[in-house]
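Asks: Sharing a structure, written as structure tokens. Questions coming.
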Amino acid sequence: MLIFEHSRPGRRAQAQAPDLSGAALERALEDIPARLRRERRPTLPEVSEMQVVRHYTGLSQKNFSIDTHFYPLGSCTMKYNPRASNSLAMQPPFLGRHPLAPAGRGQGFLECMYDLQQILREVTGMREVSLTPMAGAQGEFAGVAMIRAYHDARGDSARTEVLVPDAAHGTNPATATMCGYKVREIPTGEDGDVDLEALKQVVGPQTAGIMLTNPSTLGVFERRIRDIAGVVHEAGGLLYYDGANLNAILGRVRPGDMGFDVMHLNLHKTFSTPHGGGGPGAGAIAAGERLAEFLPVPMVVRDGDAFRWAGEADRPRSIGRLSAFMGNAGVLLRAYVYARMLGGEGMRRVADFATLNANYMLACLAREGFTPGYPGRRASHEFTLTLKPEAKKLGVTALDFAKRLLDYGFHAPTIYFPMLVPECFLIEPTETETREVLDAFVQAMVAIREEAERDPEILHGAPHALPVRRLDEVDAARTLNLRWEPADEAASGGRAGEERRRLATS
Amino acid sequence: MLIFEHSRPGRRAQAQAPDLSGAALERALEDIPARLRRERRPTLPEVSEMQVVRHYTGLSQKNFSIDTHFYPLGSCTMKYNPRASNSLAMQPPFLGRHPLAPAGRGQGFLECMYDLQQILREVTGMREVSLTPMAGAQGEFAGVAMIRAYHDARGDSARTEVLVPDAAHGTNPATATMCGYKVREIPTGEDGDVDLEALKQVVGPQTAGIMLTNPSTLGVFERRIRDIAGVVHEAGGLLYYDGANLNAILGRVRPGDMGFDVMHLNLHKTFSTPHGGGGPGAGAIAAGERLAEFLPVPMVVRDGDAFRWAGEADRPRSIGRLSAFMGNAGVLLRAYVYARMLGGEGMRRVADFATLNANYMLACLAREGFTPGYPGRRASHEFTLTLKPEAKKLGVTALDFAKRLLDYGFHAPTIYFPMLVPECFLIEPTETETREVLDAFVQAMVAIREEAERDPEILHGAPHALPVRRLDEVDAARTLNLRWEPADEAASGGRAGEERRRLATS
Amino acid sequence: MPFIPHTQQDIDQMLSVIGVDSIDALFDEIPGELQTGIDGVPEGLGEMAVTRLMEERAARDPRDLCFIGAGAYDHHIPAAVWQITTRGEYYSAYTPYQAEASQGNLQLIYEYQTMMAGLTGMEVSNASMYDGASALGEAALMAVRANRRSRSRRILMPTTVNPLYRRTAEVIVGNQGITFEPLDYDPATGTIDSGSLPTDPGDVAALVIPQPNFFGALEDVDALTDWAHDQGALVIAVVNPTAMAVLSAPGSWGAEGADIVCGEGQPLGIPLSSGGPYYGFMCCRKSHLRQLPGRLVARAVDADGRDGYTLTLQAREQHIRRSKATSNICTNQGLMVTASTIYMALLGADGLAAVAGRSHANTRALVEKLTALPGVERAFGGAYFHEAVLRLPRPAGEVLEALAERGILGGCRLAGDYPELGEALLVSATERRTGADLDRYAAALAEVLA
Amino acid sequence: MPFIPHTQQDIDQMLSVIGVDSIDALFDEIPGELQTGIDGVPEGLGEMAVTRLMEERAARDPRDLCFIGAGAYDHHIPAAVWQITTRGEYYSAYTPYQAEASQGNLQLIYEYQTMMAGLTGMEVSNASMYDGASALGEAALMAVRANRRSRSRRILMPTTVNPLYRRTAEVIVGNQGITFEPLDYDPATGTIDSGSLPTDPGDVAALVIPQPNFFGALEDVDALTDWAHDQGALVIAVVNPTAMAVLSAPGSWGAEGADIVCGEGQPLGIPLSSGGPYYGFMCCRKSHLRQLPGRLVARAVDADGRDGYTLTLQAREQHIRRSKATSNICTNQGLMVTASTIYMALLGADGLAAVAGRSHANTRALVEKLTALPGVERAFGGAYFHEAVLRLPRPAGEVLEALAERGILGGCRLAGDYPELGEALLVSATERRTGADLDRYAAALAEVLA
Ligand SMILES: Cc1ncc(COP(=O)(O)O)c(C=O)c1O
Ligand SMILES: Cc1ncc(COP(=O)(O)O)c(C=O)c1O
């Protein structure tokens, strides 16, 4: 039932709004010309406070989440989100601080941001860090824009292409386009590494740079990364590091040392800030020698004992700002708490145990007869399976397996990505899961395969035990019912989103 | 699965404890004689932080609650618990205040307590209020102990009996016993009111007092309350008011005006503090002329602009203290927030709409052919049904109906209480429920009766849709498995609750 | 090893299943010279220590009385909003790619889309962008793609649009050769100078219309919308969502309504929080749907015929369309949408109107009190909504500093972006400000100016 | 009408179904003269206004550095504890009378019972009492009922038991003719004077043994337990649960162990909160089970043979047994048990031992620092746990006041209850206190005493 269906005309959560209606409201607004006023009330529900609490508490229970389920979603690093990060970031002085309040009224907050910049510098092996990008993709945007600004600053304007491996995450090519570049795909070799020969062939004076994830989205470490860096740099291009997979090497290997010029971190992955059902994230960006001066503003600088913002004036070559203020401050606070709790040693252990868990699952699944996407390669913090053999033999797809896993109480791995691997499962257990959970997942995979052997319809019809059965997405995209409409309006095809009733006050 | 079954030796939520173990721990404790030290580690789980979060988040989802379900539990006033009460009571300065911190370091808190005392005085029509009782039953204890102290102070020591109506809540007679009184039951008349003639016959010089709930637990207002008060007072006894049902008359009628000498309020009912799955509550106690000086300590007094505790020294005739400190301060803060949000007018509306909802449900259920416990009487904020006709005709009990209601997504009403009403349902919808919910409940009752007509096994086997089916309580009381034991210990019948393994440190 | 559950026995057994004898061996494909480790990161702290640290940091930041708006507003946030939003099932869920395991979140987004479409008077809302400023950049890109009548990459951008939005949007569109051409404002009213609208603007992709504009002033949205449509340009509305409870919705502007609506969602239940996380909202006509960036939820039917909800039109997005996607956005600001949806459900249309009304009345009262001081005057004469520009007789920077020392955040200084306004201050007083608060501001300002 | 969802239409229709024409008519059975209404209650406030009010109240209460223990301890509480405990499904549920609809809560209590039985070394734990002090009163009542060898109503109550507990317990048992007879302490050690134990105590129902005792001193629990059992008395242990991680558990005291164990649960994850809500725990031998007050949860089997949990032995309780019940308790402190169970699960045995160890070491370090000041000395010589009594060269009241002005809560003054100790202070430093905190206390005290 939708919240709108709980609505009754005139019902209100009275404690929540100023007591202002009717003539008093009109008086409050009397200096606003009538022609600029709204005529019809917007479609918002009229419900009581308890109805709201009950409705959204009930809805929440229909979600899988880290706090309730194993969530081995490859490329997403769904690890435990410490509850302390939440409560400490949500302290009233932090929540109440206006973004335009003077720096002097927020030294506690600014010191956290400064410290975080410093920590991320260490972690990445880069020279400077800007925290402002609001997600990984915005970090990528900043990085590629910086590469562009670099070439422009050197008058090197013939560089029109950005190279992206075919296995890359979709944000990489999309970002290159947003930065006005043409995208050229680099093929992946048999072994999961970039095809170095192919790369050599396409690199040239038109190459602005390359975007790489390492370990790659195939869950393997790009072993010839230094060679790749050499080839690209040789040609005058720069290297962008997509930090989505940093969990695999955190505290052990620094992207700066691999030869990258700029990178983002997905703090909502590696630094365990919550995914929030889709966001917010934080895509802090770090740059080395060549690119640091182009970093987006604002950044935090220290003057003696005081911290302040550095904006366009301090950093004249900056690509500029990516949001009205400073990005997702509250997310950054959470990441900072997490970083301080881990410390340097704890960071290294993240990589160690994320990698241990992934390799263990891979070994178990292989032992049970599932097919690794890249046999013979070590898993990084994640790995691929191909369910093509099962698809062929049993007529069940990766999607069927995924949906049936939900019935077993496991969130499905990432499916059909990377596309290179047919019927792909990209599995990332993360370091915070116990061995028992990994074993249980493997057992579920075996059990599901047995079900498929017995009766593939069990899988085709899955899920069976969730609030809904499998949804018809094709029909949904055709019907395109994107918002609820009041019955009378839906019937009369009335004007979008507004109710018939006029403002109570008019 | 129990949390203990997730345990693995050596696993820990490392962020949560000081980093102190092994030899360092021994050093920390070196001045404690070995013979006073523990030898074996207690049975506590060894689990990670995420396991704890996942386990207890998962468990929570197996509960019905106000935030998720309609909960028409008679005598319990399960109304919406405002979320603001929670967040405002949990502000760090309130949470962090040590109970023995000087009054000067907690003026904000003390002012809230003082204000609450004043508000409850107004609400009850009594002379003074003490907030210290930690639940209704402790309020009752305080009140009856005050009655005893009163008689003792007057040298009137022959009073050995407390009168309690047969429909009273169990805490009433149990309290009288705890205060050293004999309990004498008063019968209820046909119409649900106390049998005044019977009362007159038992009242006498041995009568210390009477404990009454009004409206009574039968959901009707005791109409001759002033007569009852006259009879008891005449005989030298005092009147105790059990405030559990105050929601019915809040802001309209004051127990002090009915002739009561002392009463408690269930703030966790009428003032909407959460029930917390069993508690904590707050049973503030209010007394009139005769008994005010005996109120339990501490109370808050105002000296000019400052607030301070009044203890035994200030109030030498007090019955004393009922807890180490001042009772359930955090609950009282929640009640205070609620009281301030309602205001006087809002309180009256609580009674109005609690009563409207109850009478509406009663009318609907009666119309659908269910049998009121006291036909012809108005419902107060709650009412009884007797399911005896259904039991006789269809072979299904009140318990069966109750369990089946769970399948329909409704918490069951209170059942088999009061015992006077055979196959009793005591239904209290509270004022915060919408008419739609009440209608849906009535429809569910009708639907369940139809099921019973069709196939009573549906009811006998209910619930069907919950985490467990009906539990065998008789067997549980026989088996008495009251705690988990490690497999080896359970097998070897080892010493209670301790594990074999010795302290890691020894 | 905070958050890592492995016992030594686990480690040993797992390594033996893998067939290596140490965790280090699992990194054998990484060139040794790259495995430098890190130093310089401070040692790990337990939760107790980090709590102490963060509480001390927070305690250093005073809780001032806030009269700054300028794109972020200090509204009351009902307690229920964040107590529900931070429930693990919302807080720690991923993007609802597995629809059946995410019905709670998906239904909530569907409700959100309905609410935002309702507020803006548009047909469609997406599931959120990063923030208001970046949403404006995306709206500009979208307009260029969506305008079938024009191939222009020029967009008219009034200077009454929040300067921080303009700068952000410029960064976002700049690399694609899209340019913003400024439109001046009328110094008397602080609104777009309709006199200065070019009679023949040439080929233009879109006109941006802010309402209220950055000065709090109210634009003549109907006339501007009709003018833009006459030129073959699309209209991008940038609006304050609280204002939408009482101001004419972009869907009703002029004869045809705006084409794209975006703005900052923060006023709807999101804490100020030093500027984020907030979220950008974005709505449009259904006919432009395939150019809309960001996620979309649709109602769907399951195998048993039950209603459910699912992400839809993913072919617009980067993970399907890659370099041809409508945007590179992936992670959005989902949890903020959860909070805002709960906020809007709690407030309803009447409640939101009351918030708007009280905020406006408070601001008006503040303006009256402050302009009663000698030398303080309104910079513009026209109508405004819940925010206004004042001119001061002393340097605004100094005044603000002196007010801050008194625990008052007196407003936003405009000299940097609008030197022509002199010592100007943008002030706002939300419904949270009491009469006593306004008096306190007025008294402090009197003292400072004395 | 906050929290009331009725529309005018609802009201009209509901009244018509009932067959009356006003809500007032529903009160027609209540004598008119009783329907006076109330006045004097302040007008209702919206959530925004009450938030402002309560924030201002809270802001007036300083957050001092706490060195008071005396029954309530300032331990670290993991953030997860209360974020989970305040989930609506725990927070707003009732007592789990409908077992099938309360499995989460019931299983949690079963786990709690297991943990408390483990900590105390006893066979059984109930589901909670109000607080430690009232639990002691109930334990005394229980002991009188449970002691089959004695019909005595006398209980030996050492003066080393927390005076607030003694006073509370006395109120609870007093009306049933039960008396507490004091046992003195040895002024050298601050523990029960084994010399003063009566050689022939006569018929005694029970001996109360605190561990650690109110002074923080460690009683000779084995000898006391054996002595009591020799006299035919039961042993009631009153213990600090944190201490149980490292001190010998009552179940192991002497040859047979204690019979009843109670105490304050606050140290296990419950905020100080001006004294409540806390909870009392209560454990016993299985043979005394039927005399135990309070709720109990047992494992049960459902109709399909699955494990579940349910309240059991309700025949002990007031709602069944009425005037013959083991206690009048009904509502207990359930939500605190939820918090404590999560706390204990997070800490585990090692973690709790570390909390105990660090608290003790901190207290010892504090004692060393403070006794280094001239005129400050320990009042007792024996062993103690995480709390100790110091004698001051100046009136303790004045010293505490001067320390409070410096933001330090210096301890609990003992002069009221123990005048014989002179100017004595009970101090404690939990694991939350840092070395710098201890130094700050020492420096402040030096200043105050100078
Ligand atoms: C490999 C990779 N790169 C980039 C991104 C984009 O990050 P964000 O979603 O934070 O924009 C992701 C996120 O899913 C990713 O997995
Ligand atoms: C009528 C009545 N009296 C007394 C009580 C006892 O109150 P408490 O549970 O708070 O001790 C109750 C609670 O259920 C009750 O309903």
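Chain lettering (A, B, ...) mirrors the order of the structure tokens, residue numbering begins at 1 for each chain separately, and ligand numbering begins at 1 in order of display.
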Excluding Ala248 in chain B and any residue of its chain fewer than 3 positions from it, enumerate the residues within 6 Å of it, using only C-alpha atoms, and give them as number ranges by chain.

Replies: B: 245, 351, 380-381

Asks: Please determine the contact residues of chain B with respect to chain A at a cut-off of 9 Å, counting only C-alpha atoms, and supply them as an NGL selection string.

Replies: :B and (6 or 15 or 48-51 or 53-55 or 57-58 or 61 or 66-69 or 79-83 or 341 or 432-434 or 436)

Asks: What are the residues of chain D lining chain C at 8 Å or less? Count only C-alpha atoms, and put the answer as a ChimeraX atom specification.

Replies: /D:47-48,76-78,87,432

Asks: Output all heavy atoms of each residue in that selection to a file, as a PDB file, in the first residue's frame.

Replies:
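Saved file out_32.pdb follows:
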ATOM      1  N   GLU D  47       6.497  20.017  17.855  1.00  0.00           N
ATOM      2  CA  GLU D  47       7.777  19.342  18.061  1.00  0.00           C
ATOM      3  C   GLU D  47       8.950  20.309  17.929  1.00  0.00           C
ATOM      4  O   GLU D  47       9.945  20.205  18.659  1.00  0.00           O
ATOM      5  CB  GLU D  47       7.939  18.191  17.063  1.00  0.00           C
ATOM      6  CG  GLU D  47       9.180  17.356  17.357  1.00  0.00           C
ATOM      7  CD  GLU D  47       9.435  16.265  16.349  1.00  0.00           C
ATOM      8  OE1 GLU D  47       8.581  15.383  16.188  1.00  0.00           O
ATOM      9  OE2 GLU D  47      10.514  16.296  15.716  1.00  0.00           O
ATOM     10  N   MET D  48       8.829  21.260  17.041  1.00  0.00           N
ATOM     11  CA  MET D  48       9.912  22.232  16.880  1.00  0.00           C
ATOM     12  C   MET D  48      10.120  23.034  18.162  1.00  0.00           C
ATOM     13  O   MET D  48      11.253  23.218  18.619  1.00  0.00           O
ATOM     14  CB  MET D  48       9.576  23.167  15.724  1.00  0.00           C
ATOM     15  CG  MET D  48      10.604  24.226  15.466  1.00  0.00           C
ATOM     16  SD  MET D  48      10.168  25.209  14.010  1.00  0.00           S
ATOM     17  CE  MET D  48       8.920  26.291  14.714  1.00  0.00           C
ATOM     18  N   HIS D  76      32.166   3.002  28.670  1.00  0.00           N
ATOM     19  CA  HIS D  76      31.908   3.201  27.240  1.00  0.00           C
ATOM     20  C   HIS D  76      30.727   2.339  26.800  1.00  0.00           C
ATOM     21  O   HIS D  76      30.651   1.164  27.159  1.00  0.00           O
ATOM     22  CB  HIS D  76      33.148   2.812  26.430  1.00  0.00           C
ATOM     23  CG  HIS D  76      32.888   2.773  24.955  1.00  0.00           C
ATOM     24  ND1 HIS D  76      32.581   3.897  24.228  1.00  0.00           N
ATOM     25  CD2 HIS D  76      32.861   1.748  24.070  1.00  0.00           C
ATOM     26  CE1 HIS D  76      32.392   3.564  22.969  1.00  0.00           C
ATOM     27  NE2 HIS D  76      32.552   2.260  22.843  1.00  0.00           N
ATOM     28  N   ILE D  77      29.852   2.938  26.019  1.00  0.00           N
ATOM     29  CA  ILE D  77      28.717   2.183  25.463  1.00  0.00           C
ATOM     30  C   ILE D  77      28.859   2.171  23.951  1.00  0.00           C
ATOM     31  O   ILE D  77      28.810   3.220  23.308  1.00  0.00           O
ATOM     32  CB  ILE D  77      27.378   2.822  25.864  1.00  0.00           C
ATOM     33  CG1 ILE D  77      27.275   2.872  27.395  1.00  0.00           C
ATOM     34  CG2 ILE D  77      26.213   2.031  25.263  1.00  0.00           C
ATOM     35  CD1 ILE D  77      26.040   3.591  27.904  1.00  0.00           C
ATOM     36  N   PRO D  78      29.033   1.004  23.373  1.00  0.00           N
ATOM     37  CA  PRO D  78      29.215   0.946  21.913  1.00  0.00           C
ATOM     38  C   PRO D  78      28.033   1.585  21.185  1.00  0.00           C
ATOM     39  O   PRO D  78      26.877   1.449  21.599  1.00  0.00           O
ATOM     40  CB  PRO D  78      29.278  -0.561  21.630  1.00  0.00           C
ATOM     41  CG  PRO D  78      29.762  -1.183  22.909  1.00  0.00           C
ATOM     42  CD  PRO D  78      29.171  -0.325  23.996  1.00  0.00           C
ATOM     43  N   ARG D  87      15.397   0.703  17.863  1.00  0.00           N
ATOM     44  CA  ARG D  87      14.569   0.302  16.717  1.00  0.00           C
ATOM     45  C   ARG D  87      13.135   0.111  17.204  1.00  0.00           C
ATOM     46  O   ARG D  87      12.911  -0.504  18.249  1.00  0.00           O
ATOM     47  CB  ARG D  87      15.088  -1.006  16.116  1.00  0.00           C
ATOM     48  CG  ARG D  87      16.362  -0.845  15.286  1.00  0.00           C
ATOM     49  CD  ARG D  87      16.928  -2.194  14.888  1.00  0.00           C
ATOM     50  NE  ARG D  87      15.990  -2.976  14.106  1.00  0.00           N
ATOM     51  CZ  ARG D  87      15.821  -2.869  12.786  1.00  0.00           C
ATOM     52  NH1 ARG D  87      16.563  -2.008  12.110  1.00  0.00           N
ATOM     53  NH2 ARG D  87      14.935  -3.614  12.160  1.00  0.00           N
ATOM     54  N   ARG D 432      36.981   4.740  30.559  1.00  0.00           N
ATOM     55  CA  ARG D 432      36.849   5.930  29.708  1.00  0.00           C
ATOM     56  C   ARG D 432      37.822   7.027  30.099  1.00  0.00           C
ATOM     57  O   ARG D 432      38.092   7.933  29.313  1.00  0.00           O
ATOM     58  CB  ARG D 432      35.425   6.509  29.798  1.00  0.00           C
ATOM     59  CG  ARG D 432      34.382   5.631  29.137  1.00  0.00           C
ATOM     60  CD  ARG D 432      33.076   6.375  29.027  1.00  0.00           C
ATOM     61  NE  ARG D 432      33.181   7.502  28.120  1.00  0.00           N
ATOM     62  CZ  ARG D 432      32.337   8.518  28.066  1.00  0.00           C
ATOM     63  NH1 ARG D 432      31.315   8.547  28.891  1.00  0.00           N
ATOM     64  NH2 ARG D 432      32.518   9.508  27.215  1.00  0.00           N
TER      65      ARG D 432
END

Asks: Give me the residues of chain B that have any atom at most 8 Å from an atom of ligand 2; for each, the nearest atom pair and the distance in Å, rounded to one decimal. Use only C-alpha atoms and all ligand atoms, sort by chain and number, and format it as a tab-separated table.

Replies:
residue	atom	partner	partner_atom_place_in_ligand_line	distance
B:Gly74	CA	ligand 2	16 (O)	7.7
B:Ser75	CA	ligand 2	16 (O)	4.2
B:Cys76	CA	ligand 2	14 (O)	5.6
B:Met134	CA	ligand 2	10 (O)	7.6
B:Ala135	CA	ligand 2	10 (O)	3.9
B:Gly136	CA	ligand 2	10 (O)	3.3
B:Ala137	CA	ligand 2	11 (O)	3.6
B:Gln138	CA	ligand 2	11 (O)	6.3
B:Gly139	CA	ligand 2	11 (O)	7.7
B:Glu140	CA	ligand 2	4 (C)	7.7
B:Ala168	CA	ligand 2	1 (C)	6.7
B:His169	CA	ligand 2	1 (C)	4.8
B:Gly170	CA	ligand 2	4 (C)	7.3
B:Thr171	CA	ligand 2	4 (C)	5.6
B:Asn172	CA	ligand 2	4 (C)	6.7
B:Thr213	CA	ligand 2	1 (C)	6.4
B:Ser216	CA	ligand 2	1 (C)	7.6
B:Thr217	CA	ligand 2	1 (C)	5.9
B:Asp242	CA	ligand 2	3 (N)	5.7
B:Gly243	CA	ligand 2	3 (N)	6.9
B:Ala244	CA	ligand 2	2 (C)	4.7
B:Asn245	CA	ligand 2	1 (C)	6.4
B:Asn266	CA	ligand 2	10 (O)	5.7
B:His268	CA	ligand 2	10 (O)	7.2
B:Gly279	CA	ligand 2	10 (O)	7.9
B:Gly281	CA	ligand 2	10 (O)	5.7
B:Ala282	CA	ligand 2	10 (O)	6.8
B:Gly283	CA	ligand 2	10 (O)	6.3

Asks: Just the selected residues (N, CA, C and O atoms), exported as a compact mmCIF listing (two decimals), in the first residue's frame, please.

Replies:
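The result, written out as out-v3.txt:
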# COMPACT_ATOMS: atom_id res chain seq x y z
N GLY B 74 -5.80 -4.52 25.56
CA GLY B 74 -6.55 -3.86 26.62
C GLY B 74 -5.73 -3.71 27.88
O GLY B 74 -4.92 -4.56 28.24
N SER B 75 -5.91 -2.55 28.55
CA SER B 75 -5.25 -2.23 29.80
C SER B 75 -3.80 -1.80 29.59
O SER B 75 -3.11 -1.50 30.56
N CYS B 76 -3.35 -1.74 28.34
CA CYS B 76 -1.92 -1.47 28.09
C CYS B 76 -1.66 -0.16 27.34
O CYS B 76 -0.54 0.30 27.29
N MET B 134 9.04 3.11 39.68
CA MET B 134 9.58 2.72 38.39
C MET B 134 8.58 2.03 37.48
O MET B 134 8.91 1.72 36.34
N ALA B 135 7.41 1.74 37.99
CA ALA B 135 6.34 1.18 37.15
C ALA B 135 5.06 1.32 37.93
O ALA B 135 5.05 1.77 39.09
N GLY B 136 3.98 0.93 37.30
CA GLY B 136 2.69 1.01 37.96
C GLY B 136 2.68 0.25 39.27
O GLY B 136 2.25 0.77 40.31
N ALA B 137 3.18 -0.96 39.24
CA ALA B 137 3.14 -1.79 40.44
C ALA B 137 3.94 -1.15 41.57
O ALA B 137 3.57 -1.25 42.74
N GLN B 138 5.04 -0.49 41.24
CA GLN B 138 5.79 0.17 42.31
C GLN B 138 5.06 1.40 42.82
O GLN B 138 5.15 1.74 43.99
N GLY B 139 4.34 2.05 41.91
CA GLY B 139 3.48 3.14 42.35
C GLY B 139 2.42 2.64 43.31
O GLY B 139 2.17 3.24 44.37
N GLU B 140 1.83 1.52 42.97
CA GLU B 140 0.83 0.91 43.87
C GLU B 140 1.47 0.60 45.23
O GLU B 140 0.88 0.87 46.28
N ALA B 168 -10.02 -6.61 39.43
CA ALA B 168 -8.81 -5.78 39.47
C ALA B 168 -7.63 -6.46 38.78
O ALA B 168 -7.57 -7.69 38.65
N HIS B 169 -6.71 -5.64 38.36
CA HIS B 169 -5.46 -6.14 37.81
C HIS B 169 -4.68 -6.87 38.90
O HIS B 169 -4.75 -6.50 40.08
N GLY B 170 -3.92 -7.89 38.51
CA GLY B 170 -3.20 -8.72 39.48
C GLY B 170 -2.24 -7.96 40.37
O GLY B 170 -1.95 -8.37 41.50
N THR B 171 -1.72 -6.85 39.87
CA THR B 171 -0.77 -6.11 40.70
C THR B 171 -1.44 -5.55 41.94
O THR B 171 -0.78 -5.36 42.96
N ASN B 172 -2.76 -5.31 41.91
CA ASN B 172 -3.44 -4.73 43.07
C ASN B 172 -3.39 -5.67 44.27
O ASN B 172 -2.85 -5.31 45.31
N THR B 213 -9.69 0.83 40.07
CA THR B 213 -9.33 1.37 38.76
C THR B 213 -10.62 1.96 38.20
O THR B 213 -11.65 1.31 38.27
N SER B 216 -12.93 0.94 35.16
CA SER B 216 -12.40 -0.33 35.65
C SER B 216 -11.77 -1.14 34.53
O SER B 216 -11.85 -0.75 33.36
N THR B 217 -11.19 -2.24 34.91
CA THR B 217 -10.57 -3.11 33.89
C THR B 217 -11.63 -3.75 33.01
O THR B 217 -11.28 -4.42 32.04
N ASP B 242 -5.81 3.22 40.89
CA ASP B 242 -4.88 2.60 39.94
C ASP B 242 -5.02 3.35 38.63
O ASP B 242 -6.04 3.25 37.95
N GLY B 243 -4.01 4.12 38.28
CA GLY B 243 -4.10 5.02 37.14
C GLY B 243 -3.87 4.40 35.78
O GLY B 243 -3.71 5.12 34.79
N ALA B 244 -3.87 3.08 35.72
CA ALA B 244 -3.57 2.43 34.44
C ALA B 244 -4.55 2.85 33.34
O ALA B 244 -4.19 2.86 32.17
N ASN B 245 -5.75 3.20 33.74
CA ASN B 245 -6.75 3.54 32.72
C ASN B 245 -6.99 5.03 32.58
O ASN B 245 -8.01 5.46 32.06
N ASN B 266 0.42 5.43 35.12
CA ASN B 266 1.34 4.65 34.27
C ASN B 266 1.79 5.57 33.15
O ASN B 266 1.11 5.68 32.13
N HIS B 268 4.03 5.13 31.16
CA HIS B 268 4.31 4.33 29.96
C HIS B 268 3.01 3.93 29.26
O HIS B 268 3.05 3.27 28.24
N GLY B 279 9.23 -3.12 29.47
CA GLY B 279 9.57 -2.02 30.37
C GLY B 279 10.70 -1.24 29.74
O GLY B 279 11.12 -1.54 28.63
N GLY B 281 8.97 1.33 32.70
CA GLY B 281 7.85 2.23 32.79
C GLY B 281 8.18 3.37 33.74
O GLY B 281 9.35 3.65 34.03
N ALA B 282 7.13 4.05 34.18
CA ALA B 282 7.29 5.02 35.25
C ALA B 282 5.93 5.15 35.91
O ALA B 282 4.93 5.38 35.22
N GLY B 283 5.89 4.98 37.19
CA GLY B 283 4.62 4.92 37.91
C GLY B 283 4.46 6.06 38.89
O GLY B 283 4.14 5.84 40.06

Asks: Against chain A, which residues of chain D fall within 7 Å? For each one I want the closest pair of atoms and the distance in Å (one decimal), counting only C-alpha atoms, rows by chain and increasing residue number, as JSON lines.

Replies:
{"residue": "D:Met1", "atom": "CA", "partner": "A:Gln14", "partner_atom": "CA", "distance": 6.3}
{"residue": "D:Pro2", "atom": "CA", "partner": "A:Gln14", "partner_atom": "CA", "distance": 4.9}
{"residue": "D:Phe3", "atom": "CA", "partner": "A:Glu49", "partner_atom": "CA", "distance": 6.3}
{"residue": "D:Pro5", "atom": "CA", "partner": "A:Ser48", "partner_atom": "CA", "distance": 5.3}
{"residue": "D:His6", "atom": "CA", "partner": "A:Arg11", "partner_atom": "CA", "distance": 6.5}
{"residue": "D:Thr7", "atom": "CA", "partner": "A:Arg11", "partner_atom": "CA", "distance": 5.5}
{"residue": "D:Gly46", "atom": "CA", "partner": "A:Ala15", "partner_atom": "CA", "distance": 4.6}
{"residue": "D:Glu47", "atom": "CA", "partner": "A:Ala15", "partner_atom": "CA", "distance": 5.3}
{"residue": "D:Ala79", "atom": "CA", "partner": "A:Ala84", "partner_atom": "CA", "distance": 5.0}
{"residue": "D:Ala80", "atom": "CA", "partner": "A:Arg83", "partner_atom": "CA", "distance": 5.2}
